[in-house]
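Q: Structure in structure tokens, see below.
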Amino acid sequence: MSGFRLSLPSSDSDINDIALKHYYKSWRTVNQTTKSSFIALDNAFRDTYLKDLEPGPLKLYLYFCFAANNDHGHSWHGIQKIADYFDCQTRTIDNWIKVLVDKDLVYRTKKGHRSHTTYLLPFSDTILIQKASKKYIKDDQDLLNGLLKRIRELDFIYGEIIKVHHLFQWSVSKEKTVDGDKSDQYLLVITKRKNGVLIGHVYVLRKSDHLSVNELQIEEPSVFDSPFYLNESRIIGLALPHYPKIFSKSGLNDLLGLIRDLVIIEDWQLEDRSKLIYGEKRDLIQIEEMDNQSQVDEDSEDKNE
């Protein structure tokens with residue numbers, strides 16, 4: 001409350017400021033409501049490309065952004081059409097395209113159209129849900145081998161495989177406590193494109209409910225020996241705290257951070273973390289519950305003494 005103070009009338013600059021902000025906000029709201037075409041440029045583009053891209057390639061990249069399909073980022077504009085738009089020679093457009101391709105900002109290919117298809121390539125780290133190319137009876141090594149084969153076949157898009165891990169996370173009950181009957185498990189394959197952009201390929205292990213780690217309360221990421229192998233060596237499993245859930249809004253941010261950490265951390269450094277046992281849930285969780293009960297009994301005896 002202002003008490004007895006008198007509010008001064010707004011200056012012209014304040015009124016202009018309010019009007020300009022209201023104008024822009026309303027414009028964005030209408031565009032979102034009407035699903036108007038848009039381009040997505042986040043800070044990663046500014047930090048990595050904006051300063052160094054020459055004016056020509058930069059203009060062409062913006063052109064491709066405006067021409068691209070909103071959902072999938074592709075367009076079919078021919079060289080001559082683009083040259084006519086910029087009022088320049090087709091050779092100039094070819095040179096600009098080469099710059100964008102070399103910087104891994106676009107991918108161009110001939111696919112059933114008279115002109116090439118141009119695909120915008122993401123320029124910041126992301127997470128990609130992968131599906132198996134065929135049905136597998138169980139979550140086993142054949143599944144991982146098939147997943148790796150599929151990703152390697154698309155290395156011109158995804159880049160090189162640099163890390164593979166097995167992620168484990170207990171589910172949470174309605175009371176937001178650990179649910180020892182359910183867990184979420186994933187294969188995480190990390191690839192790195194030539195421009196340094198990381199992709200976390202996540203495959204959901206849907207047939208591993210009978211397997212778990214031997215502890216219910218996981219306060220910080222711990223490691224376990226996964227049953228999966230890469231280059232004849234067991235991949236390192238990571239048991240994550242039950243909160244936040246990996247695919248919640250905050251969990252995705254944490255997962256991206258984990259992916260970036262895993263790229264720079266050596267495997268031997270992970271081995272220094274708390275080590276859990278991974279195996280048949282019915283055996284491991286029974287042992288965990290027995291250990292907890294023994295601890296309770298010991299505490300009770302100490303109090304009685």
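Labels used: A, B, ... for chains in the order of the structure tokens, numbers from 1 for residues in each chain, and numbers from 1 for ligands as shown.
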Fewer than 5 positions away in the same chain doesn't count, so skip those; otherwise give me all residues within 8 Å of Leu256 (chain A), counting only C-alpha atoms, as a PyMOL selection string.
A: chain A and resi 125-127+200
Q: Hey, can you spit out that residue selection with N, CA and C atoms as a PDB file, in the first residue's frame?
A:
ATOM      1  N   ASP A 125      22.812 -29.801 -27.589  1.00  0.00           N
ATOM      2  CA  ASP A 125      22.662 -31.167 -27.081  1.00  0.00           C
ATOM      3  C   ASP A 125      21.186 -31.510 -26.891  1.00  0.00           C
ATOM      4  N   THR A 126      20.857 -32.776 -27.125  1.00  0.00           N
ATOM      5  CA  THR A 126      19.464 -33.177 -26.978  1.00  0.00           C
ATOM      6  C   THR A 126      19.363 -34.654 -26.618  1.00  0.00           C
ATOM      7  N   ILE A 127      18.132 -35.092 -26.400  1.00  0.00           N
ATOM      8  CA  ILE A 127      17.835 -36.483 -26.041  1.00  0.00           C
ATOM      9  C   ILE A 127      16.908 -37.056 -27.093  1.00  0.00           C
ATOM     10  N   GLY A 200      21.896 -37.886 -26.605  1.00  0.00           N
ATOM     11  CA  GLY A 200      21.681 -39.007 -25.700  1.00  0.00           C
ATOM     12  C   GLY A 200      20.558 -39.876 -26.248  1.00  0.00           C
TER      13      GLY A 200
END
Q: Looking only at strand (DSSP E or B) from DSSP on the backbone, list the matching residues of region 63-168 of chain A as a PyMOL selection string.
A: chain A and resi 74-75+106-109+117-120+126-129+160-168
Q: Which residues are close to Thr109 (chain A), i.e. within 12 Å by only C-alpha atoms, leaving aside same-chain residues fewer than 3 positions away? Reply as a PyMOL selection string.
A: chain A and resi 74-76+78+101+106+112-120+156
Q: Can you spit out the residues from that selection as a PDB file, in the first residue's frame, using C-alpha atoms?
A:
ATOM      1  CA  HIS A  74      12.927 -29.843 -43.868  1.00  0.00           C
ATOM      2  CA  SER A  75      12.300 -27.916 -47.093  1.00  0.00           C
ATOM      3  CA  TRP A  76      12.671 -28.406 -50.862  1.00  0.00           C
ATOM      4  CA  GLY A  78      15.824 -25.251 -55.276  1.00  0.00           C
ATOM      5  CA  VAL A 101      26.996 -28.162 -44.416  1.00  0.00           C
ATOM      6  CA  VAL A 106      22.120 -28.396 -42.448  1.00  0.00           C
ATOM      7  CA  GLY A 112      12.430 -38.002 -54.871  1.00  0.00           C
ATOM      8  CA  HIS A 113      12.212 -34.300 -55.710  1.00  0.00           C
ATOM      9  CA  ARG A 114      13.657 -32.261 -58.542  1.00  0.00           C
ATOM     10  CA  SER A 115      15.507 -30.167 -55.973  1.00  0.00           C
ATOM     11  CA  HIS A 116      17.492 -31.306 -52.952  1.00  0.00           C
ATOM     12  CA  THR A 117      15.844 -31.663 -49.568  1.00  0.00           C
ATOM     13  CA  THR A 118      17.436 -29.463 -46.918  1.00  0.00           C
ATOM     14  CA  TYR A 119      17.222 -30.637 -43.306  1.00  0.00           C
ATOM     15  CA  LEU A 120      17.967 -28.317 -40.409  1.00  0.00           C
ATOM     16  CA  PHE A 156      26.448 -39.146 -40.718  1.00  0.00           C
TER      17      PHE A 156
END
Q: A:Thr177, A:Ser274, A:Thr92, A:Ser171: which is nearest Pro221 (chain A), counting only C-alpha atoms?
A: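 Smallest distance to Pro221 (chain A) is found for A:Ser274.
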Q: Hey, what's within 12 Å of region 207-211 of chain A if we count only C-alpha atoms and toss same-chain stuff fewer than 2 positions away? As an mmCIF file with C-alpha atoms, in the first residue's frame, please?
A:
data_model
loop_
_atom_site.group_PDB
_atom_site.id
_atom_site.type_symbol
_atom_site.label_atom_id
_atom_site.label_comp_id
_atom_site.auth_asym_id
_atom_site.auth_seq_id
_atom_site.Cartn_x
_atom_site.Cartn_y
_atom_site.Cartn_z
ATOM 1 C CA LYS A 135 10.755 -57.247 -31.610
ATOM 2 C CA TYR A 136 12.979 -58.806 -28.981
ATOM 3 C CA ILE A 137 11.760 -61.472 -26.582
ATOM 4 C CA LYS A 138 13.921 -60.108 -23.782
ATOM 5 C CA ASP A 139 16.280 -57.267 -22.966
ATOM 6 C CA ASP A 140 19.550 -58.910 -23.877
ATOM 7 C CA LEU A 143 18.932 -55.905 -28.400
ATOM 8 C CA HIS A 166 22.655 -48.693 -18.424
ATOM 9 C CA LEU A 167 20.438 -46.443 -16.280
ATOM 10 C CA PHE A 168 18.318 -47.640 -13.364
ATOM 11 C CA GLN A 169 15.788 -45.646 -11.331
ATOM 12 C CA TRP A 170 13.220 -46.829 -8.801
ATOM 13 C CA SER A 171 9.623 -45.795 -9.420
ATOM 14 C CA GLY A 180 10.322 -51.483 -4.640
ATOM 15 C CA ASP A 181 8.003 -53.328 -7.012
ATOM 16 C CA LYS A 182 8.635 -51.077 -9.988
ATOM 17 C CA SER A 183 11.611 -49.491 -11.664
ATOM 18 C CA ASP A 184 12.519 -47.692 -14.869
ATOM 19 C CA GLN A 185 15.532 -48.875 -16.821
ATOM 20 C CA TYR A 186 17.133 -47.516 -19.955
ATOM 21 C CA LEU A 187 20.040 -47.988 -22.302
ATOM 22 C CA TYR A 203 16.045 -46.955 -25.218
ATOM 23 C CA VAL A 204 13.458 -48.089 -22.658
ATOM 24 C CA LEU A 205 14.138 -51.568 -21.262
ATOM 25 C CA VAL A 213 19.872 -53.122 -7.782
ATOM 26 C CA ASN A 214 20.159 -54.239 -4.180
ATOM 27 C CA SER A 226 25.325 -54.136 -16.160
ATOM 28 C CA PRO A 227 24.629 -57.441 -17.943
ATOM 29 C CA ILE A 277 24.744 -55.296 -6.978
ATOM 30 C CA TYR A 278 22.445 -55.865 -9.955
ATOM 31 C CA GLY A 279 20.492 -59.066 -10.378
ATOM 32 C CA GLU A 280 17.207 -60.839 -9.681
ATOM 33 C CA LYS A 281 14.964 -58.442 -7.762
ATOM 34 C CA ARG A 282 13.288 -61.121 -5.644
ATOM 35 C CA ASP A 283 16.659 -62.115 -4.218
ATOM 36 C CA LEU A 284 18.294 -58.708 -3.847
ATOM 37 C CA ILE A 285 15.368 -56.786 -2.363
#
Q: Which value, in Å to one decimal, gives the distance between CA of Asp272 (chain A) and CA of Leu252 (chain A)?
A: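 For CA of Asp272 (chain A) relative to CA of Leu252 (chain A), the distance reads 25.2 Å.
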Q: Residues of region 27-127 of chain A in helix (DSSP H, G or I) according to DSSP, as a PyMOL selection string?
A: chain A and resi 27-33+43-50+55-67+79-86+90-102
Q: Between CA of Phe86 (chain A) and CA of Pro57 (chain A), what is the distance, to one decimal in Å?
A: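 It comes out at 11.6 Å.
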Q: From the set A:Leu255, A:Arg46, A:Tyr24, A:Leu147, which residue has the shortest atom-to-atom contact distance to Ala132 (chain A), counting only C-alpha atoms?
A: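 Comparing A:Leu255, A:Arg46, A:Tyr24, A:Leu147 against Ala132 (chain A), the winner is A:Leu147.
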Q: Rank nothing, just name the residue among A:Lys25, A:Arg108, A:His242, A:His201 nearest to Glu215 (chain A), using only C-alpha atoms.
A: A:His242
Q: Got a sec: who's within 12 Å of Asp52 (chain A), counting only C-alpha atoms, leaving out chain neighbours fewer than 6 positions off, as a list in words?
A: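 Residues near the query, excluding close chain neighbours: Phe45, Arg46, Leu58, Val99, Leu100 and Lys103 of chain A.
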Q: Restrict the selected residues to N, CA and C atoms and save them as a short mmCIF file (atom, residue, chain, number, x, y, z; two decimals), in the first residue's frame.
A:
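What landed in result-v4.cif:
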data_model
loop_
_atom_site.label_atom_id
_atom_site.label_comp_id
_atom_site.auth_asym_id
_atom_site.auth_seq_id
_atom_site.Cartn_x
_atom_site.Cartn_y
_atom_site.Cartn_z
N PHE A 45 22.79 -21.23 -30.57
CA PHE A 45 23.14 -20.69 -31.89
C PHE A 45 23.90 -19.38 -31.75
N ARG A 46 23.44 -18.53 -30.86
CA ARG A 46 24.14 -17.27 -30.62
C ARG A 46 25.57 -17.51 -30.14
N LEU A 58 24.78 -16.84 -43.13
CA LEU A 58 23.83 -16.55 -42.05
C LEU A 58 22.45 -16.24 -42.63
N VAL A 99 29.19 -23.90 -46.72
CA VAL A 99 29.57 -23.41 -45.39
C VAL A 99 28.64 -24.00 -44.33
N LEU A 100 27.34 -23.98 -44.61
CA LEU A 100 26.37 -24.49 -43.63
C LEU A 100 26.51 -26.00 -43.44
N LYS A 103 29.62 -26.72 -41.37
CA LYS A 103 29.43 -26.38 -39.95
C LYS A 103 28.37 -27.26 -39.30
#
